[in-house]
>>> print(open('model.txt').read())   # compact mmCIF, C-alpha atoms
# COMPACT_ATOMS: atom_id res chain seq x y z
CA MET B 17 116.77 124.42 99.26
CA PRO B 18 119.99 123.53 101.07
CA THR B 19 121.31 120.03 100.66
CA ASP B 20 122.94 117.86 103.30
CA SER B 21 126.35 118.83 101.92
CA GLN B 22 125.64 122.53 102.46
CA LYS B 23 124.72 122.26 106.14
CA PRO B 24 126.58 120.36 108.83
CA THR B 25 124.76 117.34 110.21
CA PRO B 26 123.94 117.48 113.93
CA SER B 27 126.28 115.59 116.23
CA LEU B 28 125.71 111.97 117.13
CA PRO B 29 123.01 111.29 119.72
CA SER B 30 125.60 110.69 122.44
CA ASP B 31 126.59 114.35 122.06
CA PRO B 32 124.37 116.54 124.28
CA ASP B 33 124.57 119.26 121.61
CA ALA B 34 122.37 117.14 119.30
CA VAL B 35 119.40 117.12 121.70
CA GLY B 36 116.73 119.56 120.57
CA THR B 37 118.06 119.86 117.02
CA ALA B 38 116.41 119.09 113.72
CA MET B 39 117.39 119.62 110.11
CA LEU B 40 114.57 118.48 107.87
CA ALA B 41 113.81 118.73 104.17
CA ILE B 42 110.05 118.62 103.63
CA SER B 43 108.33 117.97 100.31
CA ILE B 44 104.54 118.27 100.03
CA LYS B 45 102.45 117.36 96.96
CA PRO B 46 98.77 118.38 96.99
CA THR B 47 98.02 115.89 94.19
CA PRO B 48 100.00 113.11 92.50
CA ASP B 49 100.44 115.23 89.35
CA SER B 50 101.38 118.50 91.05
CA GLN B 51 104.84 119.87 91.62
CA PRO B 52 105.96 119.51 95.24
CA THR B 53 106.33 122.47 97.56
CA GLU B 54 109.69 122.25 99.29
CA TYR B 55 110.45 123.55 102.78
CA PHE B 56 113.35 123.34 105.17
CA LEU B 57 113.12 123.24 108.95
CA GLU B 58 116.15 123.87 111.13
CA CYS B 59 115.60 123.73 114.87
CA THR B 60 118.37 124.47 117.36
CA PRO B 61 118.38 124.26 121.16
CA ASP B 62 118.26 128.06 121.12
CA GLY B 63 115.45 128.50 118.58
CA ILE B 64 114.93 128.54 114.84
CA GLY B 65 117.82 128.14 112.39
CA GLU B 66 118.34 130.71 109.67
CA THR B 67 117.69 128.24 106.82
CA THR B 68 114.10 127.57 107.95
CA THR B 69 111.41 128.22 105.34
CA VAL B 70 108.33 126.50 106.83
CA PRO B 71 105.40 128.66 107.87
CA ASN B 72 105.08 128.93 111.68
CA PRO B 73 108.54 127.54 112.49
CA GLU B 74 108.15 127.82 116.27
CA ALA B 75 105.15 125.47 116.26
CA ALA B 76 106.87 123.18 113.74
CA CYS B 77 109.99 122.85 115.92
CA ALA B 78 107.84 122.28 119.02
CA ALA B 79 106.01 119.44 117.23
CA VAL B 80 109.23 117.82 116.01
CA LYS B 81 110.76 118.07 119.48
CA ARG B 82 107.63 116.57 121.08
CA LEU B 83 107.41 113.70 118.56
CA GLY B 84 111.14 112.92 118.35
CA ALA B 85 113.02 110.83 115.81
CA ALA B 86 111.11 107.67 116.71
CA PHE B 87 107.90 109.13 115.23
CA PHE B 88 109.53 109.59 111.83
CA ASN B 89 111.24 106.19 111.78
CA ALA B 90 108.37 104.11 113.19
CA GLN B 91 107.20 101.24 111.01
CA PRO B 92 103.43 100.75 110.74
CA ASP B 93 102.02 97.87 112.74
CA PRO B 94 100.64 95.45 110.11
CA ASN B 95 98.02 94.27 112.63
CA GLN B 96 96.68 97.75 113.39
CA MET B 97 93.14 98.31 112.19
CA CYS B 98 92.61 101.64 110.45
CA THR B 99 89.36 103.27 109.43
CA GLN B 100 88.86 103.15 105.70
CA GLN B 101 88.34 106.83 105.08
CA TYR B 102 89.92 108.94 102.40
CA GLY B 103 91.43 112.24 103.51
CA GLY B 104 92.65 113.47 100.17
CA PRO B 105 95.37 112.93 97.57
CA GLN B 106 98.15 114.90 99.29
CA THR B 107 101.46 113.23 100.10
CA ALA B 108 104.59 114.41 101.87
CA THR B 109 108.09 113.23 102.63
CA VAL B 110 110.30 114.38 105.47
CA LYS B 111 113.99 113.52 105.62
CA GLY B 112 116.98 114.73 107.58
CA THR B 113 117.96 114.48 111.23
CA VAL B 114 116.21 114.86 114.58
CA ASP B 115 118.32 114.87 117.76
CA GLY B 116 121.22 113.51 115.72
CA HIS B 117 119.22 110.53 114.37
CA ARG B 118 118.66 110.21 110.62
CA VAL B 119 114.95 110.20 109.79
CA TYR B 120 112.88 109.51 106.71
CA ALA B 121 109.10 109.36 106.62
CA SER B 122 106.35 109.39 104.02
CA PHE B 123 102.90 110.75 104.78
CA SER B 124 99.53 110.50 103.06
CA ALA B 125 95.85 110.75 103.92
CA THR B 126 94.75 107.38 102.56
CA ASP B 127 93.18 105.95 105.73
CA GLY B 128 92.48 106.83 109.35
CA CYS B 129 95.93 105.80 110.58
CA GLU B 130 97.72 107.84 107.93
CA ILE B 131 95.46 110.84 108.57
CA ALA B 132 96.33 110.62 112.28
CA ARG B 133 100.07 110.60 111.46
CA TRP B 134 99.61 113.61 109.16
CA ASN B 135 97.61 115.46 111.82
CA ALA B 136 100.34 114.85 114.41
CA LEU B 137 102.68 116.81 112.15
CA GLU B 138 100.10 119.35 110.94
CA THR B 139 102.21 122.34 112.04
CA VAL B 140 104.87 121.13 109.58
CA LEU B 141 102.77 119.64 106.76
CA GLY B 142 99.64 121.77 106.88
CA ALA B 143 96.11 120.48 107.39
CA ALA B 144 95.14 117.06 106.03
CA GLY B 145 91.91 116.70 104.15
CA ALA B 146 90.60 116.61 100.63
CA ARG B 147 91.42 119.81 98.81
>>> encode(input="model.txt", output="structure tokens")
Amino acid sequence: MPTDSQKPTPSLPSDPDAVGTAMLAISIKPTPDSQPTEYFLECTPDGIGETTTVPNPEAACAAVKRLGAAFFNAQPDPNQMCTQQYGGPQTATVKGTVDGHRVYASFSATDGCEIARWNALETVLGAAGAR
């Protein structure tokens, strides 16, 4: 998997060339004790970057573009009520840049709110649910 030092970081957000870009390292663990599966997603304004390893990269880039950097950096609202349902033990982390903004997000399926976040990024993370 490429590291940040191997690939150039997209330009700052004030640079129009950064719009529509993403360079994301994705780590998915089906269970707490399992080894993570690592993917890389590189989206460019012209399509899919050559370092991309996620399945269905076109759909993954479309989802990242639709959600934007704010989705990945959003802090949970402590007053939001979430259904107490368990969607499975899987966890994921996504880090890198979207539209020139650094992003870092953790995902799980521990309650209804977390399952909804996972499902919003299903084309990148795969389906949520107990496995």
>>> closest_residue(input="model.txt", among="B:Ala132, B:Gly112, B:Met97, B:Val35", to="B:Phe56", atoms="all atoms listed in the file")
B:Gly112
>>> residues_near_point(input="model.txt", point="(99.9, 107.0, 105.4)", cutoff="12 Å", atoms="all atoms listed in the file", output="NGL selection string")
:B and (88 or 90-93 or 98-109 or 121-136 or 144)
>>> closest_residue(input="model.txt", among="B:Ser43, B:Thr68, B:Ser50, B:Thr113", to="B:Val80", atoms="only C-alpha atoms")
B:Thr113
>>> closest_residue(input="model.txt", among="B:Thr69, B:Val110, B:Asn95, B:Val140", to="B:Ala41", atoms="only C-alpha atoms")
B:Val110
>>> closest_residue(input="model.txt", among="B:Thr37, B:Gln96, B:Thr139, B:Asn89", to="B:Cys59", atoms="only C-alpha atoms")
B:Thr37
>>> atom_distance(input="model.txt", atom1="atom CA of B:Gly65", atom2="atom CA of B:Thr53")
19.6 Å
>>> atom_distance(input="model.txt", atom1="atom CA of B:Met39", atom2="atom CA of B:Glu138")
17.3 Å
>>> atom_distance(input="model.txt", atom1="atom CA of B:Ala76", atom2="atom CA of B:Asp49")
26.4 Å
>>> residues_near_point(input="model.txt", point="(115.3, 112.8, 111.7)", cutoff="7 Å", atoms="only C-alpha atoms", output="PDB file with C-alpha atoms, keeping the file's coordinate frame")
ATOM      1  CA  ALA B  38     116.410 119.090 113.720  1.00  0.00           C
ATOM      2  CA  LEU B  40     114.570 118.480 107.870  1.00  0.00           C
ATOM      3  CA  ALA B  85     113.020 110.830 115.810  1.00  0.00           C
ATOM      4  CA  PHE B  88     109.530 109.590 111.830  1.00  0.00           C
ATOM      5  CA  LYS B 111     113.990 113.520 105.620  1.00  0.00           C
ATOM      6  CA  GLY B 112     116.980 114.730 107.580  1.00  0.00           C
ATOM      7  CA  THR B 113     117.960 114.480 111.230  1.00  0.00           C
ATOM      8  CA  VAL B 114     116.210 114.860 114.580  1.00  0.00           C
ATOM      9  CA  HIS B 117     119.220 110.530 114.370  1.00  0.00           C
ATOM     10  CA  ARG B 118     118.660 110.210 110.620  1.00  0.00           C
ATOM     11  CA  VAL B 119     114.950 110.200 109.790  1.00  0.00           C
ATOM     12  CA  TYR B 120     112.880 109.510 106.710  1.00  0.00           C
TER      13      TYR B 120
END
>>> closest_residue(input="model.txt", among="B:Leu83, B:Ala78, B:Val70, B:Ile64", to="B:Gly142", atoms="all atoms listed in the file")
B:Val70
>>> axis_aligned_box(input="model.txt", around="stretch 126-130 of chain B", padding_each_side="4 Å", output="JSON")
{"center_x": 95.1, "center_y": 106.8, "center_z": 106.6, "size_x": 13.2, "size_y": 10.0, "size_z": 16.0}
